[in-house]
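The structure file data-v7.txt is reproduced below (compact mmCIF, C-alpha atoms and all ligand atoms).
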# COMPACT_ATOMS: atom_id res chain seq x y z
CA MET D 321 0.00 0.00 0.00
CA ARG D 322 2.78 2.35 0.93
CA ALA D 323 4.63 1.42 -2.23
CA GLN D 324 1.59 2.63 -4.10
CA ARG D 325 1.42 5.95 -2.34
CA PHE D 326 5.10 6.76 -2.46
CA GLY D 327 6.55 4.53 -5.14
CA PRO D 328 9.37 2.06 -4.54
CA ARG D 329 11.41 2.86 -1.43
CA LEU D 330 14.58 4.12 -3.03
CA PRO D 331 16.64 6.95 -1.50
CA SER D 332 15.44 9.12 -4.37
CA SER D 333 11.83 8.73 -3.27
CA PRO D 334 10.73 11.13 -0.50
CA GLY D 335 8.94 8.28 1.28
CA PHE D 336 12.28 6.53 1.86
CA TRP D 337 13.25 9.16 4.47
CA ARG D 338 10.96 8.80 7.43
CA SER D 339 12.56 10.54 10.40
CA PRO D 340 10.07 13.04 11.88
CA LEU D 341 13.01 15.14 13.04
CA ARG D 342 13.86 16.42 9.60
CA GLY D 343 12.42 19.80 8.78
CA PRO D 344 13.33 23.44 8.21
CA TRP D 345 13.58 24.28 11.91
CA PHE D 346 16.09 21.55 12.78
CA THR D 347 18.20 22.28 9.69
CA SER D 348 18.06 26.04 10.28
CA VAL D 349 19.24 25.89 13.89
CA LEU D 350 22.22 23.73 12.92
CA GLY D 351 22.86 25.93 9.89
CA VAL D 352 23.03 29.10 11.95
CA VAL D 353 25.48 27.50 14.40
CA LEU D 354 27.69 26.40 11.49
CA LEU D 355 27.45 29.80 9.80
CA GLY D 356 29.13 31.39 12.81
CA GLY D 357 31.44 28.50 13.68
CA ILE D 358 32.77 27.82 10.22
CA THR D 359 33.39 31.51 9.57
CA VAL D 360 35.63 31.55 12.66
CA MET D 361 37.33 28.35 11.42
CA PHE D 362 38.04 29.92 8.04
CA VAL D 363 39.47 33.14 9.49
CA THR D 364 41.64 31.39 12.10
CA GLY D 365 42.78 28.95 9.40
CA LEU D 366 43.91 31.71 7.05
CA VAL D 367 45.58 33.43 9.96
CA SER D 368 47.44 30.23 10.84
CA TYR D 369 48.74 30.04 7.30
CA ALA D 370 50.01 33.64 7.50
CA ALA D 371 51.71 32.82 10.81
CA TYR D 372 53.99 30.35 9.00
CA ASN D 373 55.73 33.15 7.12
CA PRO D 374 54.80 31.43 3.87
CA ASN D 375 56.28 34.24 1.81
CA LEU D 376 59.75 33.29 3.00
CA ASP D 377 60.38 30.96 0.05
CA PRO D 378 61.19 28.20 -0.29
CA VAL D 379 61.53 26.74 3.22
CA ASN D 380 58.29 27.71 4.88
CA ASP D 381 56.03 27.82 1.87
CA GLN D 382 54.11 24.59 1.53
CA THR D 383 51.83 26.03 -1.18
CA PRO D 384 54.09 27.82 -3.67
CA ASP D 385 51.32 27.94 -6.30
CA LYS D 386 48.88 29.79 -4.06
CA GLY D 387 48.93 32.84 -6.39
CA LEU D 388 46.04 35.20 -5.67
CA LEU D 389 44.95 33.14 -2.67
CA GLY D 390 47.91 34.58 -0.81
CA PHE D 391 46.62 38.13 -1.35
CA TYR D 392 45.97 38.71 2.33
CA LEU D 393 49.34 37.59 3.71
CA PHE D 394 50.90 39.92 6.22
CA SER D 395 53.89 39.89 8.53
CA TRP D 396 52.79 37.90 11.55
CA PRO D 397 53.18 40.12 14.62
CA VAL D 398 55.40 39.32 17.62
CA GLY D 399 52.81 40.09 20.26
CA PRO D 400 50.86 39.46 22.33
CA VAL D 401 52.97 36.39 23.08
CA TRP D 402 49.88 34.16 23.31
CA LEU D 403 48.55 35.24 19.89
CA TYR D 404 49.05 31.96 18.01
CA ARG D 405 48.15 30.01 21.11
CA LEU D 406 44.76 31.71 20.98
CA THR D 407 44.06 31.64 17.23
CA GLN D 408 45.15 28.05 16.71
CA GLY D 409 43.65 26.84 19.99
CA VAL D 410 40.33 28.26 18.80
CA HIS D 411 40.76 26.75 15.31
CA VAL D 412 41.41 23.20 16.50
CA THR D 413 39.17 23.15 19.60
CA LEU D 414 36.25 24.71 17.74
CA GLY D 415 36.77 22.38 14.77
CA ILE D 416 36.52 19.32 17.01
CA THR D 417 33.53 20.76 18.87
CA LEU D 418 31.64 21.37 15.61
CA VAL D 419 31.95 17.77 14.37
CA PRO D 420 28.57 16.61 15.83
CA VAL D 421 26.86 19.76 14.50
CA LEU D 422 28.27 19.17 11.02
CA LEU D 423 27.24 15.51 11.02
CA ALA D 424 23.73 16.36 12.26
CA LYS D 425 23.39 19.06 9.62
CA LEU D 426 24.44 16.68 6.84
CA TRP D 427 22.04 14.05 8.18
CA SER D 428 19.22 16.58 8.25
CA VAL D 429 19.54 17.39 4.55
CA VAL D 430 20.62 14.02 3.19
CA PRO D 431 17.31 13.35 1.33
CA LYS D 432 18.13 16.35 -0.87
CA LEU D 433 21.33 14.74 -2.05
CA PHE D 434 19.32 11.89 -3.55
CA ALA D 435 16.42 13.91 -4.94
CA LEU D 436 15.48 13.34 -8.58
CA PRO D 437 15.48 14.72 -11.23
CA PRO D 438 19.09 15.84 -10.79
CA ALA D 439 18.27 19.30 -12.07
CA ARG D 440 14.99 21.04 -12.72
CA SER D 441 16.57 24.16 -14.18
CA LEU D 442 19.93 25.80 -14.67
CA THR D 443 19.64 27.61 -11.31
CA HIS D 444 18.69 24.37 -9.62
CA ALA D 445 21.65 22.61 -11.28
CA LEU D 446 24.01 25.33 -10.04
CA GLU D 447 22.56 25.14 -6.55
CA ARG D 448 23.09 21.39 -6.46
CA LEU D 449 26.63 21.69 -7.77
CA SER D 450 27.42 24.22 -5.03
CA LEU D 451 25.87 21.82 -2.50
CA LEU D 452 28.17 19.05 -3.69
CA LEU D 453 31.21 21.30 -3.22
CA LEU D 454 29.84 22.39 0.13
CA VAL D 455 29.25 18.91 1.52
CA GLY D 456 32.36 17.43 -0.08
CA GLY D 457 34.45 20.40 1.00
CA ALA D 458 33.21 20.34 4.59
CA LEU D 459 33.87 16.61 4.95
CA PHE D 460 37.27 17.00 3.30
CA GLU D 461 38.34 19.86 5.60
CA PHE D 462 37.14 18.17 8.78
CA VAL D 463 38.61 14.78 7.83
CA THR D 464 42.03 16.14 6.81
CA GLY D 465 42.14 18.38 9.88
CA VAL D 466 41.23 15.65 12.34
CA LEU D 467 43.58 13.13 10.73
CA ASN D 468 46.38 15.64 10.89
CA ILE D 469 46.04 16.32 14.60
CA GLN D 470 45.27 12.73 15.58
CA LEU D 471 47.53 10.67 13.38
CA ASP D 472 50.57 12.86 13.30
CA TYR D 473 50.68 14.01 9.70
CA VAL D 474 49.28 11.18 7.64
CA PHE D 475 50.03 13.23 4.56
CA PRO D 476 53.48 14.56 5.38
CA GLY D 477 54.14 17.84 3.67
CA SER D 478 51.00 17.65 1.57
CA PHE D 479 48.60 18.46 4.42
CA TYR D 480 49.09 22.21 4.01
CA PRO D 481 48.23 22.49 0.31
CA LEU D 482 45.33 20.01 0.70
CA HIS D 483 43.81 21.80 3.70
CA PHE D 484 44.54 25.28 2.31
CA TYR D 485 43.12 24.81 -1.21
CA GLY D 486 40.29 22.70 0.21
CA ALA D 487 39.39 25.58 2.52
CA TRP D 488 39.07 28.02 -0.38
CA VAL D 489 36.93 25.68 -2.49
CA PHE D 490 34.76 24.92 0.50
CA PHE D 491 34.43 28.52 1.62
CA ALA D 492 33.40 29.75 -1.84
CA ALA D 493 30.57 27.20 -1.82
CA PHE D 494 29.80 28.08 1.81
CA VAL D 495 29.41 31.79 1.05
CA ALA D 496 27.17 31.04 -1.93
CA HIS D 497 25.10 28.70 0.22
CA ALA D 498 24.87 31.14 3.13
CA VAL D 499 23.77 33.99 0.84
CA LEU D 500 21.08 31.76 -0.71
CA LYS D 501 19.85 30.17 2.51
CA THR D 502 20.28 32.62 5.40
CA PRO D 503 17.04 34.54 4.70
CA ALA D 504 15.05 31.28 4.71
CA ALA D 505 16.85 30.03 7.83
CA VAL D 506 16.07 33.24 9.72
CA ARG D 507 12.43 33.09 8.56
CA ASN D 508 12.16 29.45 9.66
CA LEU D 509 13.56 30.24 13.08
CA ARG D 510 11.29 33.28 13.55
CA ARG D 511 8.23 31.42 12.40
CA MET D 512 8.88 28.45 14.62
CA ARG D 513 9.88 30.44 17.70
CA GLY D 514 7.53 29.68 20.56
CA LYS D 515 5.51 27.37 18.39
CA GLU D 516 8.15 24.68 18.44
CA ASN D 517 6.56 21.76 20.19
CA GLU D 518 5.72 18.24 19.26
CA THR D 519 2.63 19.26 17.35
CA ALA D 520 3.97 22.22 15.44
CA LYS D 521 3.35 21.52 11.79
CA GLU D 522 6.18 22.21 9.45
CA GLU D 523 6.13 22.28 5.72
CA GLY D 524 8.85 22.15 3.16
CA GLU D 525 10.82 19.64 1.15
CA LEU D 526 12.79 18.43 4.17
CA VAL D 527 9.71 17.22 6.01
CA ALA D 528 9.06 13.49 5.62
CA PRO D 529 5.72 12.93 3.83
CA ASP D 530 5.30 9.62 5.66
CA PRO D 531 6.99 10.15 9.02
CA ALA D 532 7.77 7.33 11.43
CA GLU D 533 6.78 7.56 15.09
CA PRO D 534 9.11 10.00 16.88
CA THR D 535 11.52 8.42 19.38
CA VAL D 536 12.97 11.77 20.44
CA SER D 537 11.73 15.35 20.11
CA ARG D 538 13.53 17.88 17.93
CA ARG D 539 14.70 19.69 21.02
CA GLY D 540 15.87 16.38 22.43
CA ALA D 541 17.82 15.69 19.24
CA LEU D 542 19.41 19.14 19.37
CA GLY D 543 20.27 18.43 23.01
CA LEU D 544 22.03 15.24 21.95
CA VAL D 545 24.04 17.10 19.32
CA GLY D 546 24.90 19.85 21.80
CA GLY D 547 25.82 17.27 24.43
CA GLY D 548 28.12 15.53 21.96
CA SER D 549 29.78 18.85 21.17
CA LEU D 550 30.16 19.66 24.84
CA LEU D 551 31.73 16.26 25.51
CA LEU D 552 34.23 16.73 22.68
CA PHE D 553 34.99 20.26 23.88
CA GLY D 554 35.51 19.08 27.45
CA THR D 555 37.90 16.33 26.40
CA THR D 556 39.89 18.57 24.05
CA VAL D 557 40.22 22.05 25.52
CA GLY D 558 42.69 20.93 28.23
CA GLN D 559 45.44 20.57 25.64
CA ASN D 560 45.74 24.35 25.61
CA PHE D 561 47.17 24.25 29.14
CA ASP D 562 49.89 22.53 31.15
CA ALA D 563 49.46 19.62 33.53
CA PRO D 564 47.23 18.87 35.39
CA LEU D 565 44.60 20.45 33.07
CA ARG D 566 46.23 18.81 30.10
CA GLU D 567 45.36 15.39 31.52
CA THR D 568 41.68 16.19 30.89
CA ALA D 569 42.37 16.32 27.15
CA LEU D 570 41.55 12.66 26.66
CA LEU D 571 41.12 13.08 22.93
CA ALA D 572 44.38 14.94 22.36
CA PRO D 573 47.18 12.78 21.09
CA HIS D 574 49.62 12.27 23.96
CA GLY D 575 52.57 11.19 21.86
CA GLY D 576 55.16 8.69 22.97
CA ALA D 577 57.04 10.96 25.34
CA ASP D 578 56.02 11.80 28.87
CA PRO D 579 57.77 15.09 29.63
CA GLY D 580 57.80 14.32 33.36
CA SER D 581 57.45 17.06 35.96
CA GLY D 582 60.87 18.77 36.14
CA PRO D 583 61.94 21.99 34.38
CA GLY D 584 61.48 20.18 31.05
CA GLY D 585 58.03 19.02 32.12
CA PHE D 586 56.01 20.56 29.30
CA GLN D 587 54.63 18.98 26.13
CA ILE D 588 57.13 17.45 23.70
CA ASN D 589 56.40 17.33 20.01
CA LYS D 590 59.18 15.19 18.46
CA THR D 591 61.68 13.54 20.78
CA ALA D 592 65.42 13.59 20.14
CA ALA D 593 65.28 9.84 19.47
CA TYR D 594 62.49 10.32 16.91
CA ALA D 595 64.44 13.08 15.18
CA GLY D 596 67.54 10.87 15.09
CA ILE D 597 69.60 13.19 17.30
CA ASP D 598 72.53 11.31 18.80
CA ALA D 599 73.99 12.45 22.15
CA ARG D 600 77.45 12.25 20.54
CA GLU D 601 76.53 15.04 18.07
CA THR D 602 75.30 17.35 20.81
CA SER D 603 78.21 16.90 23.25
CA GLY D 604 80.46 19.84 24.16
CA ASP D 605 83.30 18.53 21.98
CA ALA D 606 81.24 17.83 18.90
CA TRP D 607 78.56 20.52 18.66
CA ARG D 608 79.28 23.90 17.11
CA LEU D 609 76.73 26.51 16.04
CA VAL D 610 77.56 27.96 12.63
CA VAL D 611 76.34 31.56 12.19
CA ALA D 612 76.58 33.03 8.69
CA GLY D 613 75.67 36.49 7.43
CA ARG D 614 77.30 39.52 5.83
CA THR D 615 80.50 38.49 7.58
CA GLY D 616 81.52 35.14 9.01
CA PRO D 617 80.71 32.32 9.16
CA VAL D 618 81.40 32.13 12.89
CA ARG D 619 81.59 28.82 14.75
CA LEU D 620 80.56 28.84 18.40
CA SER D 621 80.61 26.10 21.03
CA ARG D 622 77.93 26.07 23.72
CA ALA D 623 80.55 27.31 26.23
CA GLU D 624 81.30 30.27 23.94
CA LEU D 625 77.59 31.06 23.54
CA LEU D 626 77.30 31.13 27.33
CA GLN D 627 79.92 33.91 27.37
CA LEU D 628 77.63 36.19 25.33
CA PRO D 629 75.05 38.37 27.10
CA LEU D 630 72.17 36.10 28.16
CA TYR D 631 68.53 37.18 28.50
CA SER D 632 65.32 35.59 29.76
CA SER D 633 61.86 35.53 28.17
CA ALA D 634 58.63 33.94 29.32
CA LEU D 635 57.05 32.43 26.19
CA PRO D 636 54.65 29.59 25.37
CA ILE D 637 54.92 26.91 22.69
CA ALA D 638 51.81 26.73 20.52
CA CYS D 639 51.63 23.94 17.96
CA VAL D 640 49.61 24.00 14.75
CA GLU D 641 48.04 20.76 15.98
CA GLY D 642 46.16 22.80 18.57
CA TRP D 643 48.01 22.09 21.79
CA SER D 644 49.99 24.72 23.64
CA THR D 645 51.89 25.24 26.86
CA SER D 646 51.70 28.13 29.26
CA ASN D 647 54.71 30.43 29.43
CA GLN D 648 58.04 28.72 30.07
CA TRP D 649 61.12 30.59 31.21
CA TRP D 650 63.74 30.51 28.47
CA ARG D 651 67.27 31.86 28.77
CA GLY D 652 69.73 32.32 25.96
CA VAL D 653 71.28 34.63 23.38
CA ARG D 654 69.13 37.21 21.59
CA LEU D 655 68.68 36.47 17.89
CA ARG D 656 69.46 40.11 17.08
CA ASP D 657 72.79 39.82 18.91
CA LEU D 658 73.68 36.81 16.76
CA ALA D 659 72.73 38.84 13.67
CA ALA D 660 74.99 41.65 14.81
CA LEU D 661 77.80 39.16 15.29
CA VAL D 662 77.84 38.51 11.53
CA GLY D 663 77.51 42.11 10.37
CA HIS D 664 73.75 42.77 10.49
CA ASP D 665 73.09 45.70 12.80
CA ASP D 666 69.53 45.90 11.49
CA ALA D 667 68.14 42.43 12.03
CA PRO D 668 67.24 40.70 8.71
CA ASP D 669 65.35 37.44 8.05
CA VAL D 670 67.11 34.27 9.16
CA PHE D 671 67.16 30.70 7.91
CA VAL D 672 67.59 28.16 10.73
CA GLU D 673 68.71 24.55 10.20
CA SER D 674 68.85 21.81 12.80
CA LEU D 675 71.08 18.78 13.24
CA GLN D 676 68.13 16.67 12.18
CA ARG D 677 68.60 15.11 8.76
CA HIS D 678 65.02 14.09 7.94
CA GLY D 679 61.57 15.40 8.75
CA ALA D 680 59.43 18.35 7.77
CA PHE D 681 60.35 20.65 10.64
CA ARG D 682 64.12 20.40 10.65
CA ARG D 683 64.45 23.93 9.28
CA ALA D 684 62.47 27.16 9.27
CA ALA D 685 62.75 30.80 8.28
CA LEU D 686 62.00 33.75 10.57
CA ARG D 687 61.11 37.28 9.59
CA ALA D 688 63.08 40.39 10.45
CA ASN D 689 60.40 41.48 12.96
CA GLN D 690 60.85 38.17 14.76
CA VAL D 691 64.64 38.34 14.70
CA SER D 692 64.78 41.91 16.00
CA ASP D 693 62.36 41.36 18.91
CA PRO D 694 64.33 41.42 22.18
CA ARG D 695 62.35 38.41 23.49
CA SER D 696 63.41 36.17 20.57
CA LEU D 697 66.16 33.85 21.74
CA LEU D 698 68.46 31.08 20.80
CA ALA D 699 67.55 29.38 24.08
CA LEU D 700 70.11 27.37 26.04
CA TYR D 701 68.07 26.92 29.22
CA ALA D 702 64.41 26.22 29.96
CA ASN D 703 62.97 26.94 33.40
CA GLY D 704 66.38 27.42 34.98
CA GLU D 705 68.09 24.27 33.72
CA ASP D 706 69.89 23.14 30.58
CA LEU D 707 67.44 22.35 27.81
CA THR D 708 66.52 18.67 27.94
CA PRO D 709 67.50 16.59 24.89
CA ASP D 710 63.84 16.36 23.83
CA HIS D 711 63.34 20.13 24.03
CA GLY D 712 66.29 20.80 21.75
CA TYR D 713 69.60 20.64 23.64
CA PRO D 714 72.11 22.19 23.04
CA ALA D 715 70.18 25.17 21.60
CA ARG D 716 66.76 25.97 20.19
CA ILE D 717 64.88 28.92 18.77
CA ILE D 718 62.05 30.53 20.73
CA VAL D 719 60.05 33.43 19.24
CA PRO D 720 57.04 35.25 20.74
CA ALA D 721 53.54 34.72 19.28
CA ALA D 722 54.79 32.33 16.58
CA PRO D 723 53.63 28.80 15.72
CA GLY D 724 55.71 26.08 17.43
CA VAL D 725 56.99 24.86 14.09
CA LEU D 726 59.16 27.98 13.80
CA ASN D 727 60.89 27.18 17.12
CA THR D 728 63.55 24.91 15.64
CA LYS D 729 65.20 22.49 18.10
CA TRP D 730 68.80 21.15 18.00
CA VAL D 731 69.93 24.17 15.97
CA ALA D 732 73.11 23.64 13.94
CA ARG D 733 73.24 26.59 11.55
CA MET D 734 71.76 30.08 11.22
CA THR D 735 72.04 32.11 8.01
CA PHE D 736 71.08 35.79 8.33
CA GLY D 737 69.92 37.95 5.41
CA ASP D 738 69.06 37.42 1.73
CA LEU D 739 66.27 34.87 1.94
N1 LIG R 801 64.44 20.14 14.63
C1 LIG R 801 63.13 20.18 14.93
N2 LIG R 801 62.62 21.27 15.55
C2 LIG R 801 61.30 21.34 15.85
C3 LIG R 801 60.44 20.28 15.50
C4 LIG R 801 60.98 19.15 14.85
O1 LIG R 801 60.28 18.17 14.52
N3 LIG R 801 62.33 19.14 14.58
N4 LIG R 801 59.07 20.39 15.79
C5 LIG R 801 58.58 21.76 15.88
C6 LIG R 801 57.20 21.82 16.34
S1 LIG R 801 56.02 21.42 15.19
C7 LIG R 801 56.85 22.25 17.59
S2 LIG R 801 55.22 22.44 18.03
C8 LIG R 801 57.87 22.58 18.60
C9 LIG R 801 57.61 21.81 19.87
O2 LIG R 801 58.61 22.04 20.82
P1 LIG R 801 58.71 21.12 22.10
O3 LIG R 801 58.80 19.70 21.64
O4 LIG R 801 59.91 21.55 22.86
O5 LIG R 801 57.45 21.37 22.88
O6 LIG R 801 59.19 22.28 18.13
C10 LIG R 801 59.45 22.63 16.80
N5 LIG R 801 60.83 22.44 16.50
MO MO R 802 54.04 21.85 15.99
Would you mind writing the file's structure down as structure tokens?
Amino acid sequence: MRAQRFGPRLPSSPGFWRSPLRGPWFTSVLGVVLLGGITVMFVTGLVSYAAYNPNLDPVNDQTPDKGLLGFYLFSWPVGPVWLYRLTQGVHVTLGITLVPVLLAKLWSVVPKLFALPPARSLTHALERLSLLLLVGGALFEFVTGVLNIQLDYVFPGSFYPLHFYGAWVFFAAFVAHAVLKTPAAVRNLRRMRGKENETAKEEGELVAPDPAEPTVSRRGALGLVGGGSLLLFGTTVGQNFDAPLRETALLAPHGGADPGSGPGGFQINKTAAYAGIDARETSGDAWRLVVAGRTGPVRLSRAELLQLPLYSSALPIACVEGWSTSNQWWRGVRLRDLAALVGHDDAPDVFVESLQRHGAFRRAALRANQVSDPRSLLALYANGEDLTPDHGYPARIIVPAAPGVLNTKWVARMTFGDL
């Protein structure tokens, strides 16, 4: 009998989709949350890309063909010191928190993906094409982002271009979609306000023509989605802080290394063992820092570096993967003093290389504004003691407000100027 009323139960037939939850109100609430959330994701994502100094070719730039898409790039500032900690903490924490909302939103409109005929008109065809880019783009951005923070760079090196170009494709479709749909979403929410109860009648193509018995109210379903988001938030946000708060970040990858509780007791990204750093290369006899510039190169042992004026800075480490530490006390030689040592009285850009022979982050370039800042150090101590091997002994870079990836560990060579 049903088959007669609604035709065969294929996903393309409206009768196939029977959940009584689907309807303009449910979709509109989720849509409005995503409109705000994803806009913040896009802005903090672009900002994160700028923070890498991608115009310092070729070391930092993972997307050399970005062309016009790099129009907005600016020199990342050196303060406030927690700047990247904030922007990237928001990007990653919010991204994880929005996962249930995104999934619920996709679920709420899934009948539309199967609707036939594929296109009723040119406008309709364009709208569906933009929907495909929107849904595909959203899934692509969330999946690549989550894989990157959870599985430690499944696509080494290629994550940046994938996530960056994906973001632009997705956001173009998102803007088109938001412009087309926001008026209807606002109308739906206004119309349903107050009236939203189990008996409120909704109309529209999302509403199932042959609904099943409800097992949960729409508000209940929204509560479930919100509860899921809250749970993800609560088990993620702790990674923006040191122990013991960090222990609450059950979903954050904890890596292989426990940093312990001493002066080196803050999060470790790659250990010395992982990076292939041998204690023999970092010993007092073997290790020399090579500093090149207008004059030089100069070779300095750690003992000779300790003879130079030493300064302290309280700075955090903030990783692109979304975790960060609170301020640590670093002590070492100012980068601008090292620049002056090789003939640069006005600090220029610098190219930093580590002892590490393989791996994406063994070298990085810093901008003149980062080199000249008095808080930027080639650190020799952390929290009053020698750097630990895992935090970059004998010497590492530490720069205010910058992404962790620019804070090269186990530094072997610094080349000032002419990047
Ligand atoms: N040589 C080298 N330096 C490096 C890395 C690396 O893999 N190799 N990782 C970078 C990244 S991505 C981060 S977030 C910080 C982390 O520093 P930490 O391990 O001392 O917390 O180191 C940076 N410096
Ligand atoms: Mo990082």
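Using only C-alpha atoms, the residues found no farther than 10 Å from Ile469 in chain D, other than those of its own chain fewer than 6 positions away, are Val412, Ala572, Pro573, Val640, Glu641, Gly642 and Trp643 of chain D.
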Using C-alpha atoms, can you write the selected residues to a file as a tab-separated table (two decimals), keeping the file's coordinate frame?
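That gives us result.tsv:
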chain	number	residue	atom	x	y	z
D	412	VAL	CA	41.41	23.20	16.50
D	572	ALA	CA	44.38	14.94	22.36
D	573	PRO	CA	47.18	12.78	21.09
D	640	VAL	CA	49.61	24.00	14.75
D	641	GLU	CA	48.04	20.76	15.98
D	642	GLY	CA	46.16	22.80	18.57
D	643	TRP	CA	48.01	22.09	21.79
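The two atoms in question, CA of Lys729 in chain D and atom N3 of ligand LIG 801 (chain R), are spaced 5.6 Å apart.
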Practice task
Give the residues close to ligand LIG 801 (chain R), within 9 Å, counting all atoms listed in the file; write them as a PyMOL selection string.
Solution key: chain D and resi 584+586-592+594-595+637-641+643-645+673-684+708+710-712+716-717+723-731
Handout entry: D:Arg342, D:Arg622, D:His411, D:His664 ranked by distance to Ser537 in chain D, top pick (using all atoms listed in the file)
Key = D:Arg342
Exercise for the section: Have a look at CA of Phe394 in chain D and CA of Asp666 in chain D and let me know their distance in Å, one decimal. Expected result: 20.3 Å
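In this comparison, which uses only C-alpha atoms, the residue of D:Phe479, D:Tyr372, D:Phe494, D:Phe460 approaching Glu447 in chain D most closely is D:Phe494.
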Exercise for the section: Could you tell me which of D:Ala732, D:Leu544, D:Ala445, D:Ala721 comes closest to Ala606 in chain D if we count all atoms listed in the file? Expected result: D:Ala732
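When only C-alpha atoms are used to measure the gap to Leu628 in chain D, the shortest distance among D:Ala435, D:Val610, D:Ala667, D:Leu698 belongs to D:Leu698.
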Exercise for the section: May I ask which of the residues D:Arg448, D:His497, D:Arg507, D:Arg405 is the closest one to Leu354 in chain D, counting all atoms listed in the file? Expected result: D:His497
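For the pair CA of Thr407 in chain D and CA of Val363 in chain D, the interatomic distance is 9.1 Å.
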Only C-alpha atoms, as a PDB file, in the first residue's frame: that is what I want for range 409-439 of chain D.
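Output contents, as saved in selection.pdb:
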ATOM      1  CA  GLY D 409      43.651  26.837  19.991  1.00  0.00           C
ATOM      2  CA  VAL D 410      40.326  28.255  18.795  1.00  0.00           C
ATOM      3  CA  HIS D 411      40.758  26.753  15.311  1.00  0.00           C
ATOM      4  CA  VAL D 412      41.406  23.196  16.505  1.00  0.00           C
ATOM      5  CA  THR D 413      39.169  23.154  19.596  1.00  0.00           C
ATOM      6  CA  LEU D 414      36.248  24.705  17.742  1.00  0.00           C
ATOM      7  CA  GLY D 415      36.768  22.383  14.767  1.00  0.00           C
ATOM      8  CA  ILE D 416      36.517  19.321  17.006  1.00  0.00           C
ATOM      9  CA  THR D 417      33.528  20.760  18.868  1.00  0.00           C
ATOM     10  CA  LEU D 418      31.642  21.369  15.612  1.00  0.00           C
ATOM     11  CA  VAL D 419      31.946  17.773  14.373  1.00  0.00           C
ATOM     12  CA  PRO D 420      28.571  16.614  15.826  1.00  0.00           C
ATOM     13  CA  VAL D 421      26.858  19.761  14.496  1.00  0.00           C
ATOM     14  CA  LEU D 422      28.268  19.171  11.025  1.00  0.00           C
ATOM     15  CA  LEU D 423      27.237  15.510  11.022  1.00  0.00           C
ATOM     16  CA  ALA D 424      23.734  16.358  12.260  1.00  0.00           C
ATOM     17  CA  LYS D 425      23.391  19.063   9.619  1.00  0.00           C
ATOM     18  CA  LEU D 426      24.440  16.683   6.844  1.00  0.00           C
ATOM     19  CA  TRP D 427      22.045  14.054   8.179  1.00  0.00           C
ATOM     20  CA  SER D 428      19.224  16.583   8.246  1.00  0.00           C
ATOM     21  CA  VAL D 429      19.538  17.389   4.546  1.00  0.00           C
ATOM     22  CA  VAL D 430      20.617  14.023   3.193  1.00  0.00           C
ATOM     23  CA  PRO D 431      17.314  13.353   1.329  1.00  0.00           C
ATOM     24  CA  LYS D 432      18.125  16.350  -0.867  1.00  0.00           C
ATOM     25  CA  LEU D 433      21.330  14.742  -2.054  1.00  0.00           C
ATOM     26  CA  PHE D 434      19.321  11.886  -3.550  1.00  0.00           C
ATOM     27  CA  ALA D 435      16.418  13.913  -4.943  1.00  0.00           C
ATOM     28  CA  LEU D 436      15.482  13.341  -8.580  1.00  0.00           C
ATOM     29  CA  PRO D 437      15.480  14.716 -11.230  1.00  0.00           C
ATOM     30  CA  PRO D 438      19.093  15.842 -10.787  1.00  0.00           C
ATOM     31  CA  ALA D 439      18.266  19.304 -12.066  1.00  0.00           C
TER      32      ALA D 439
END
